[in-house]
Amino acid sequence: MKIPVRILLTFTLLLMIVGCKNGKRSLEDVPDWSVFQNFYNEADYQKYLNENINSLSDNELIFSFQVKEFYKKEKAPIWTANGLQKHLTQDFLELYSHAEEHGLPLEIFGYQVVKDDIQRLQKGNVKDAKELYQVLSEIEVQLTRANVRYAKTMLYGATDPVEVNGGKWLYENDSIRPDFVARSLEEARKGTTHLKSLHPTDSTYLALQSEMRKYLALRNQPWDTIPFFEADSGRCVKHVHLIGQRLKQLGEIAADYQPSDTLGRVLMPAVNRFRENRAIPRSRHLDEETFRALNKTPEEYIDQLAANLERCRWKTKHTKGSDFIAVNIPDFMLEARSADTIALRCKIVCGKYSRKADDESARKNGILPAMKTESPLLYSEVYSVVLNPEWKIPYSIIKDEYYYKMVRNSMGTVNKEKLYIVDNRTRKQVKPETVDWKKVSQKNIPYQLIQSSGTHNALGLYKFNISTSESVYLHSTNSRWAFGQRRRAYSHGCIRVEQPRELAELILMMNDYDSTRLEEVWITLGEEPTTEEGEEYSEQKLEKEEKYRESLSPEDSIFYRELRPTNLGLRKRMPVFIEYYTAFIGPNGDVHYRNDVYHKDRNVLNAIEKLAPKPKKSC
């Protein structure tokens with residue numbers, strides 16, 4: 001009798017509902033492969049699996065305590081229930097096969113190991129029950145490890161940001177939830193939906209993923225080196241078509257562009273956009289730096305993107321809102337947002353990087369320690385703006401640099417750099433001529449050197465105070481030559497800002513400073529008043545200064561300084577993020593690439609590679 005299609009569909013739907021009751025996936029039958037028919041006994045395997053899992057160490061099983069507790073409670077395997085859940089296992093292997101799109105090697109998820117073990121079972125290459133249970137147990141352990149590793153990676157990152165940044169990571173990281181492992185493994189029985197839901201979805205991550213897919217597709221294609229040659233815009237020169245072909249490969253020129261040997265109206269703008277995305281100056285000429293960038297291999301891009309995808313996965317307690325300052329060290333740029341709109345974008349100078357030893361020889365377990373002078377990566381808040389700041393020279397700089405200047409010519413240094421000296425023992429200022437620096441030990445310098453306020457000051461006219469454990473901050477500078485350089489890593493760790501007035505104005509306006517209060521700020525910095533209110537403020541300021549000077553004791557009046565710091569405390573603090581991205585979305589919407597100024601990308605990649613499972617334990 002022919003059963004109506006409607007009844008068949010209803011019956012199928014009922015089976016699906018029963019199978020998916022409580023969100024659980026129905027168990028598959030024991031595979032019909034010969035090894036299972038010859039050797040498999042569910043009770044015996046369950047006992048073997050429990051003993052094996054309980055014997056594994058932290059190095060062999062990530063989050064081992066929580067995993068063991070889960071199996072103790074569940075008393076049943078996930079992937080090897082009924083011998084093997086073939087379709088469930090295949091779903092997870094399919095998910096892990098796309099791990100490279102996240103910048104992750106398949107090896108850290110035991111991908112090939114599990115595939116080889118399953119193939120071994122299919123071919124019947126086991127001699128007895130013990131060997132069968134050993135293989136099944138390995139599949140279960142590998143997939144359990146992979147499941148937890150994948151969930152942890154997508155939620156919190158695969159690596160420790162403090163470690164891979166050589167200690168210069170001062171963010172507070174999100175802690176892993178207590179139920180993280182149990183939730184991940186409970187959801188695993190239902191399929192891969194839970195793990196897919198953990199994928200980052202922010203625009204930067206998705207853009208970097210798209211780039212990653214492009215370069216993964218290109219890595220097995222021919223990638224010949226384009227030889228250097230000179231050419232000007234509009235000229236026809238042999239081999240120019242090679243540049244057009246390369247830009248087509250990279251998707252950085254119109255897909256219908258037909259390469260020719262003319263550096264014409266289509267190719268030249270595409271070359272300049274390619275340069276812009278790599279911080280190479282625009283030009284009407286071809287240069288060697290552009291050729292080096294064009295010859296960068298897909299594998300090099302894949303590594304760079306992998307490191308930055310990992311950075312995107314790190315979770316910190318503080319996230320960006322609608323108002324913040326973000327400094328990206330490799331880009332040497334600061335971006336300030338107000339009401340979620342870019343209000344300021346300007347150049348910065350960051351901490352210098354100079355290592356006497358070769359980078360590779362300086363690595364410890366694959367990690368390159370941070371230099372003392374690197375700018376730390378951190379979250380903080382601008383809690384005050386200091387006008388006409390003094391520079392309290394850090395002890396390390398006094399010891400390593402100023403000590404020799406003072407021994408050689410103390411008064412010349414004091415007069416040239418307009419310094420004053422404070423005795424750390426008495427906390428009082430002393431006359432520079434009374435200190436004999438030749439009798440001062442470099443190992444124990446009892447004096448604080450302070451550079452007085454003014455345009456000569458190394459901090460310039462603005463200092464933006466932030467709370468950090470490394471005593472770094474943002475400030476202006478009296479030496480602006482570095483802003484003309486492309487690689488701007490010259491400071492001792494602080495961030496020098498190219499447009500400090502604009503940044504100060506943005507922060508103060510966020511704190512309800514109106515035009516009258518802002519004019520008072522500019523007057524304090526030495527500008528002439530432009531309004532009647534400004535004239536009145538200027539006069540009052542002079543009167544207060546005269547009263548202050550008259551109040552000084554004869555001893556203190558010797559050290560009187562007319563220009564002194566003015567601290568403007570902030571009611572609304574401006575969040576500051578100092579970051580490190582060598583690949584990111586640029587102002588033009590494209591993915592931009594920058595040089596790895598502190599050599600941190602390889603740290604990330606080495607740490608990820610170390611996550612591959614250790615050789616399997618013999619049972």
# chains A, B, ... in the order shown; residues from 1 in each chain; ligands from 1
>>> residues_around(residues="A:Tyr537", least_positions_apart="3", cutoff="10 Å", atoms="only C-alpha atoms", output="PDB file with all heavy atoms, in the first residue's frame")
ATOM      1  N   THR A 516      34.680  80.539  27.050  1.00  0.00           N
ATOM      2  CA  THR A 516      35.317  81.393  28.066  1.00  0.00           C
ATOM      3  C   THR A 516      36.381  80.628  28.834  1.00  0.00           C
ATOM      4  O   THR A 516      37.513  81.110  29.017  1.00  0.00           O
ATOM      5  CB  THR A 516      34.260  81.931  29.041  1.00  0.00           C
ATOM      6  OG1 THR A 516      33.301  82.712  28.318  1.00  0.00           O
ATOM      7  CG2 THR A 516      34.908  82.790  30.119  1.00  0.00           C
ATOM      8  N   ARG A 517      36.031  79.424  29.271  1.00  0.00           N
ATOM      9  CA  ARG A 517      36.995  78.612  30.034  1.00  0.00           C
ATOM     10  C   ARG A 517      38.156  78.172  29.152  1.00  0.00           C
ATOM     11  O   ARG A 517      39.296  78.081  29.616  1.00  0.00           O
ATOM     12  CB  ARG A 517      36.302  77.401  30.644  1.00  0.00           C
ATOM     13  CG  ARG A 517      35.282  77.756  31.713  1.00  0.00           C
ATOM     14  CD  ARG A 517      34.753  76.518  32.384  1.00  0.00           C
ATOM     15  NE  ARG A 517      35.734  75.875  33.245  1.00  0.00           N
ATOM     16  CZ  ARG A 517      35.559  74.690  33.815  1.00  0.00           C
ATOM     17  NH1 ARG A 517      34.443  74.003  33.579  1.00  0.00           N
ATOM     18  NH2 ARG A 517      36.488  74.164  34.590  1.00  0.00           N
ATOM     19  N   GLU A 519      39.397  79.891  26.682  1.00  0.00           N
ATOM     20  CA  GLU A 519      40.297  81.037  26.512  1.00  0.00           C
ATOM     21  C   GLU A 519      41.198  81.185  27.734  1.00  0.00           C
ATOM     22  O   GLU A 519      42.380  81.526  27.616  1.00  0.00           O
ATOM     23  CB  GLU A 519      39.495  82.328  26.301  1.00  0.00           C
ATOM     24  CG  GLU A 519      40.428  83.506  26.018  1.00  0.00           C
ATOM     25  CD  GLU A 519      39.691  84.806  25.747  1.00  0.00           C
ATOM     26  OE1 GLU A 519      38.512  84.915  26.149  1.00  0.00           O
ATOM     27  OE2 GLU A 519      40.299  85.716  25.163  1.00  0.00           O
ATOM     28  N   GLU A 520      40.673  80.880  28.914  1.00  0.00           N
ATOM     29  CA  GLU A 520      41.494  80.923  30.120  1.00  0.00           C
ATOM     30  C   GLU A 520      42.636  79.914  30.042  1.00  0.00           C
ATOM     31  O   GLU A 520      43.755  80.185  30.502  1.00  0.00           O
ATOM     32  CB  GLU A 520      40.622  80.651  31.345  1.00  0.00           C
ATOM     33  CG  GLU A 520      39.603  81.746  31.632  1.00  0.00           C
ATOM     34  CD  GLU A 520      38.653  81.392  32.757  1.00  0.00           C
ATOM     35  OE1 GLU A 520      38.805  80.271  33.317  1.00  0.00           O
ATOM     36  OE2 GLU A 520      37.782  82.206  33.097  1.00  0.00           O
ATOM     37  N   ILE A 523      45.240  81.366  27.684  1.00  0.00           N
ATOM     38  CA  ILE A 523      45.967  82.453  28.345  1.00  0.00           C
ATOM     39  C   ILE A 523      47.007  81.874  29.304  1.00  0.00           C
ATOM     40  O   ILE A 523      48.143  82.358  29.392  1.00  0.00           O
ATOM     41  CB  ILE A 523      44.985  83.384  29.093  1.00  0.00           C
ATOM     42  CG1 ILE A 523      44.140  84.164  28.086  1.00  0.00           C
ATOM     43  CG2 ILE A 523      45.740  84.341  30.010  1.00  0.00           C
ATOM     44  CD1 ILE A 523      42.991  84.935  28.711  1.00  0.00           C
ATOM     45  N   THR A 524      46.619  80.825  30.028  1.00  0.00           N
ATOM     46  CA  THR A 524      47.555  80.165  30.947  1.00  0.00           C
ATOM     47  C   THR A 524      48.773  79.643  30.204  1.00  0.00           C
ATOM     48  O   THR A 524      49.884  79.600  30.746  1.00  0.00           O
ATOM     49  CB  THR A 524      46.851  79.014  31.678  1.00  0.00           C
ATOM     50  OG1 THR A 524      45.720  79.523  32.374  1.00  0.00           O
ATOM     51  CG2 THR A 524      47.779  78.306  32.650  1.00  0.00           C
ATOM     52  N   PRO A 529      44.857  87.452  25.445  1.00  0.00           N
ATOM     53  CA  PRO A 529      43.391  87.379  25.493  1.00  0.00           C
ATOM     54  C   PRO A 529      42.770  88.012  24.253  1.00  0.00           C
ATOM     55  O   PRO A 529      43.331  88.938  23.673  1.00  0.00           O
ATOM     56  CB  PRO A 529      43.046  88.162  26.760  1.00  0.00           C
ATOM     57  CG  PRO A 529      44.239  89.018  27.044  1.00  0.00           C
ATOM     58  CD  PRO A 529      45.425  88.271  26.511  1.00  0.00           C
ATOM     59  N   THR A 531      39.115  88.466  24.264  1.00  0.00           N
ATOM     60  CA  THR A 531      37.802  88.973  24.672  1.00  0.00           C
ATOM     61  C   THR A 531      37.953  89.784  25.949  1.00  0.00           C
ATOM     62  O   THR A 531      39.004  89.756  26.615  1.00  0.00           O
ATOM     63  CB  THR A 531      36.819  87.806  24.935  1.00  0.00           C
ATOM     64  OG1 THR A 531      37.280  87.049  26.052  1.00  0.00           O
ATOM     65  CG2 THR A 531      36.693  86.907  23.709  1.00  0.00           C
ATOM     66  N   GLU A 532      36.892  90.504  26.318  1.00  0.00           N
ATOM     67  CA  GLU A 532      36.909  91.269  27.557  1.00  0.00           C
ATOM     68  C   GLU A 532      37.048  90.335  28.761  1.00  0.00           C
ATOM     69  O   GLU A 532      37.756  90.634  29.724  1.00  0.00           O
ATOM     70  CB  GLU A 532      35.621  92.097  27.680  1.00  0.00           C
ATOM     71  CG  GLU A 532      35.557  93.259  26.701  1.00  0.00           C
ATOM     72  CD  GLU A 532      34.327  94.113  26.934  1.00  0.00           C
ATOM     73  OE1 GLU A 532      33.639  93.899  27.971  1.00  0.00           O
ATOM     74  OE2 GLU A 532      34.051  95.001  26.111  1.00  0.00           O
ATOM     75  N   GLU A 533      36.338  89.203  28.695  1.00  0.00           N
ATOM     76  CA  GLU A 533      36.442  88.225  29.782  1.00  0.00           C
ATOM     77  C   GLU A 533      37.874  87.728  29.917  1.00  0.00           C
ATOM     78  O   GLU A 533      38.382  87.520  31.024  1.00  0.00           O
ATOM     79  CB  GLU A 533      35.505  87.040  29.541  1.00  0.00           C
ATOM     80  CG  GLU A 533      34.024  87.346  29.624  1.00  0.00           C
ATOM     81  CD  GLU A 533      33.458  87.840  28.306  1.00  0.00           C
ATOM     82  OE1 GLU A 533      34.261  88.141  27.373  1.00  0.00           O
ATOM     83  OE2 GLU A 533      32.229  87.941  28.199  1.00  0.00           O
ATOM     84  N   GLY A 534      38.534  87.540  28.770  1.00  0.00           N
ATOM     85  CA  GLY A 534      39.913  87.097  28.782  1.00  0.00           C
ATOM     86  C   GLY A 534      40.844  88.134  29.388  1.00  0.00           C
ATOM     87  O   GLY A 534      41.770  87.802  30.144  1.00  0.00           O
ATOM     88  N   GLN A 540      43.445  89.307  36.668  1.00  0.00           N
ATOM     89  CA  GLN A 540      43.286  88.592  37.940  1.00  0.00           C
ATOM     90  C   GLN A 540      44.428  87.608  38.151  1.00  0.00           C
ATOM     91  O   GLN A 540      44.926  87.437  39.271  1.00  0.00           O
ATOM     92  CB  GLN A 540      41.949  87.862  37.964  1.00  0.00           C
ATOM     93  CG  GLN A 540      40.744  88.778  38.013  1.00  0.00           C
ATOM     94  CD  GLN A 540      39.437  88.011  37.887  1.00  0.00           C
ATOM     95  OE1 GLN A 540      39.418  86.810  37.572  1.00  0.00           O
ATOM     96  NE2 GLN A 540      38.322  88.707  38.109  1.00  0.00           N
ATOM     97  N   LYS A 541      44.841  86.990  37.077  1.00  0.00           N
ATOM     98  CA  LYS A 541      45.934  86.014  37.161  1.00  0.00           C
ATOM     99  C   LYS A 541      47.229  86.696  37.588  1.00  0.00           C
ATOM    100  O   LYS A 541      47.991  86.171  38.417  1.00  0.00           O
ATOM    101  CB  LYS A 541      46.102  85.330  35.795  1.00  0.00           C
ATOM    102  CG  LYS A 541      47.082  84.165  35.755  1.00  0.00           C
ATOM    103  CD  LYS A 541      47.004  83.473  34.394  1.00  0.00           C
ATOM    104  CE  LYS A 541      47.969  82.308  34.331  1.00  0.00           C
ATOM    105  NZ  LYS A 541      49.376  82.717  34.409  1.00  0.00           N
ATOM    106  N   LEU A 542      47.495  87.880  37.039  1.00  0.00           N
ATOM    107  CA  LEU A 542      48.695  88.623  37.400  1.00  0.00           C
ATOM    108  C   LEU A 542      48.664  89.037  38.877  1.00  0.00           C
ATOM    109  O   LEU A 542      49.683  88.990  39.577  1.00  0.00           O
ATOM    110  CB  LEU A 542      48.837  89.859  36.503  1.00  0.00           C
ATOM    111  CG  LEU A 542      49.252  89.595  35.060  1.00  0.00           C
ATOM    112  CD1 LEU A 542      49.184  90.877  34.230  1.00  0.00           C
ATOM    113  CD2 LEU A 542      50.663  89.016  35.006  1.00  0.00           C
ATOM    114  N   GLU A 543      47.499  89.457  39.340  1.00  0.00           N
ATOM    115  CA  GLU A 543      47.357  89.873  40.735  1.00  0.00           C
ATOM    116  C   GLU A 543      47.620  88.694  41.686  1.00  0.00           C
ATOM    117  O   GLU A 543      48.313  88.833  42.700  1.00  0.00           O
ATOM    118  CB  GLU A 543      45.952  90.426  40.975  1.00  0.00           C
ATOM    119  CG  GLU A 543      45.705  91.770  40.309  1.00  0.00           C
ATOM    120  CD  GLU A 543      44.268  92.242  40.493  1.00  0.00           C
ATOM    121  OE1 GLU A 543      43.521  91.573  41.246  1.00  0.00           O
ATOM    122  OE2 GLU A 543      43.898  93.269  39.890  1.00  0.00           O
TER     123      GLU A 543
END
>>> residues_around(residues="stretch 551-559 of chain A", least_positions_apart="2", cutoff="9 Å", atoms="only C-alpha atoms", output="ChimeraX atom specification")
/A:420,429-431,546-549,561
>>> atom_distance(atom1="atom CA of A:Ala255", atom2="atom CA of A:Ala270")
12.0 Å
>>> atom_distance(atom1="atom CA of A:Ile367", atom2="atom CA of A:Asp160")
11.4 Å
>>> closest_residue(among="A:Leu88, A:Ala158, A:Leu508, A:Leu121", to="A:Asp32", atoms="only C-alpha atoms")
A:Leu121
>>> atom_distance(atom1="atom CA of A:Lys317", atom2="atom CA of A:Asn173")
5.6 Å
>>> residues_around(residues="A:Asn147", least_positions_apart="4", cutoff="9 Å", atoms="only C-alpha atoms", output="count of residues only")
10
